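S.K.: Let me give you the structure first, and then I'll get to my questions.
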Amino acid sequence: MRKKNFKFAKGMYYFNVRSGQQNITIKRPVKAEALQAYFSYVEIGKDCEWLGVFNGKKFDESSSPNKAVA
């Protein structure tokens, strides 16, 4: 796996979209915006992985969200 060339920002929500052998990491400052973007990718059939909100050391709220929560 290739090392990310950026640092995760505290309080931001992240998810990965797998495209071929690449992982594209997407961030959003607000949970509702992050969930909306995440489900947009899922609905068009993209392989997505929810990372959650970064607390400065690790990801919290990292379990995969379901559509009913959004």
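Every chain in the structure tokens has a letter given in the order shown (A, B, ...), and although residue numbers restart at 1 in each chain, ligands are simply numbered from 1 in the order shown.
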Taking the backbone alone, and naming residues the way the document does, which bits of chain A are strand (DSSP E or B) by DSSP, as number ranges by chain?
M.R.: A: 13-19, 22-28, 47-54, 59-60
S.K.: What does the file look like for those residues with C-alpha atoms, as a PDB file, in the first residue's frame?
M.R.:
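Contents of part.pdb, freshly written:
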```
ATOM      1  CA  TYR A  13     -14.997  12.978   8.128  1.00  0.00           C
ATOM      2  CA  TYR A  14     -13.266  10.637   5.689  1.00  0.00           C
ATOM      3  CA  PHE A  15     -14.127   7.786   3.352  1.00  0.00           C
ATOM      4  CA  ASN A  16     -12.296   5.902   0.618  1.00  0.00           C
ATOM      5  CA  VAL A  17     -13.523   5.179  -2.877  1.00  0.00           C
ATOM      6  CA  ARG A  18     -11.702   2.269  -4.490  1.00  0.00           C
ATOM      7  CA  SER A  19     -11.065   2.734  -8.181  1.00  0.00           C
ATOM      8  CA  GLN A  22      -6.261   3.061  -6.180  1.00  0.00           C
ATOM      9  CA  ASN A  23      -7.926   4.313  -3.020  1.00  0.00           C
ATOM     10  CA  ILE A  24      -9.200   7.857  -3.332  1.00  0.00           C
ATOM     11  CA  THR A  25      -9.692   9.448   0.084  1.00  0.00           C
ATOM     12  CA  ILE A  26     -12.472  12.025   0.307  1.00  0.00           C
ATOM     13  CA  LYS A  27     -13.018  14.341   3.274  1.00  0.00           C
ATOM     14  CA  ARG A  28     -15.878  16.549   4.368  1.00  0.00           C
ATOM     15  CA  ASP A  47     -16.706   0.306  -3.818  1.00  0.00           C
ATOM     16  CA  CYS A  48     -16.564   2.590  -0.757  1.00  0.00           C
ATOM     17  CA  GLU A  49     -15.117   2.293   2.735  1.00  0.00           C
ATOM     18  CA  TRP A  50     -16.304   4.622   5.509  1.00  0.00           C
ATOM     19  CA  LEU A  51     -13.425   5.728   7.747  1.00  0.00           C
ATOM     20  CA  GLY A  52     -15.302   8.077  10.087  1.00  0.00           C
ATOM     21  CA  VAL A  53     -14.225  11.220  11.900  1.00  0.00           C
ATOM     22  CA  PHE A  54     -10.537  11.674  12.735  1.00  0.00           C
ATOM     23  CA  PHE A  59     -10.935   7.294  13.454  1.00  0.00           C
ATOM     24  CA  ASP A  60     -14.140   7.412  15.519  1.00  0.00           C
TER      25      ASP A  60
END
```
S.K.: Please give the complete set of residues from chain A that DSSP, run on the backbone, assigns to helix (DSSP H, G or I), formatted as a PyMOL selection string.
M.R.: chain A and resi 31-43
S.K.: Quick one: of A:Ile44, A:Asn55, A:Ala32, A:Phe39, who's nearest to Ala9 of chain A, counting only C-alpha atoms?
M.R.: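 For Ala9 of chain A, the nearest of the given residues is A:Asn55.
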S.K.: Using atom CA of Pro65 of chain A and atom CA of Gly20 of chain A as the two end points, give the distance in Å to one decimal.
M.R.: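 Interatomic distance, atom CA of Pro65 of chain A to atom CA of Gly20 of chain A: 23.0 Å.
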S.K.: Nearest residue to Glu61 of chain A out of A:Met12, A:Gln21, A:Tyr41, A:Phe6, using only C-alpha atoms?
M.R.: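 Looking at the shortest contact to Glu61 of chain A, the residue is A:Met12.
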S.K.: If you measure from atom CA of Ser40 of chain A to atom CA of Gly56 of chain A, what distance in Å do you get, rounded to one decimal?
M.R.: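 Between these atoms lies a distance of 26.8 Å.
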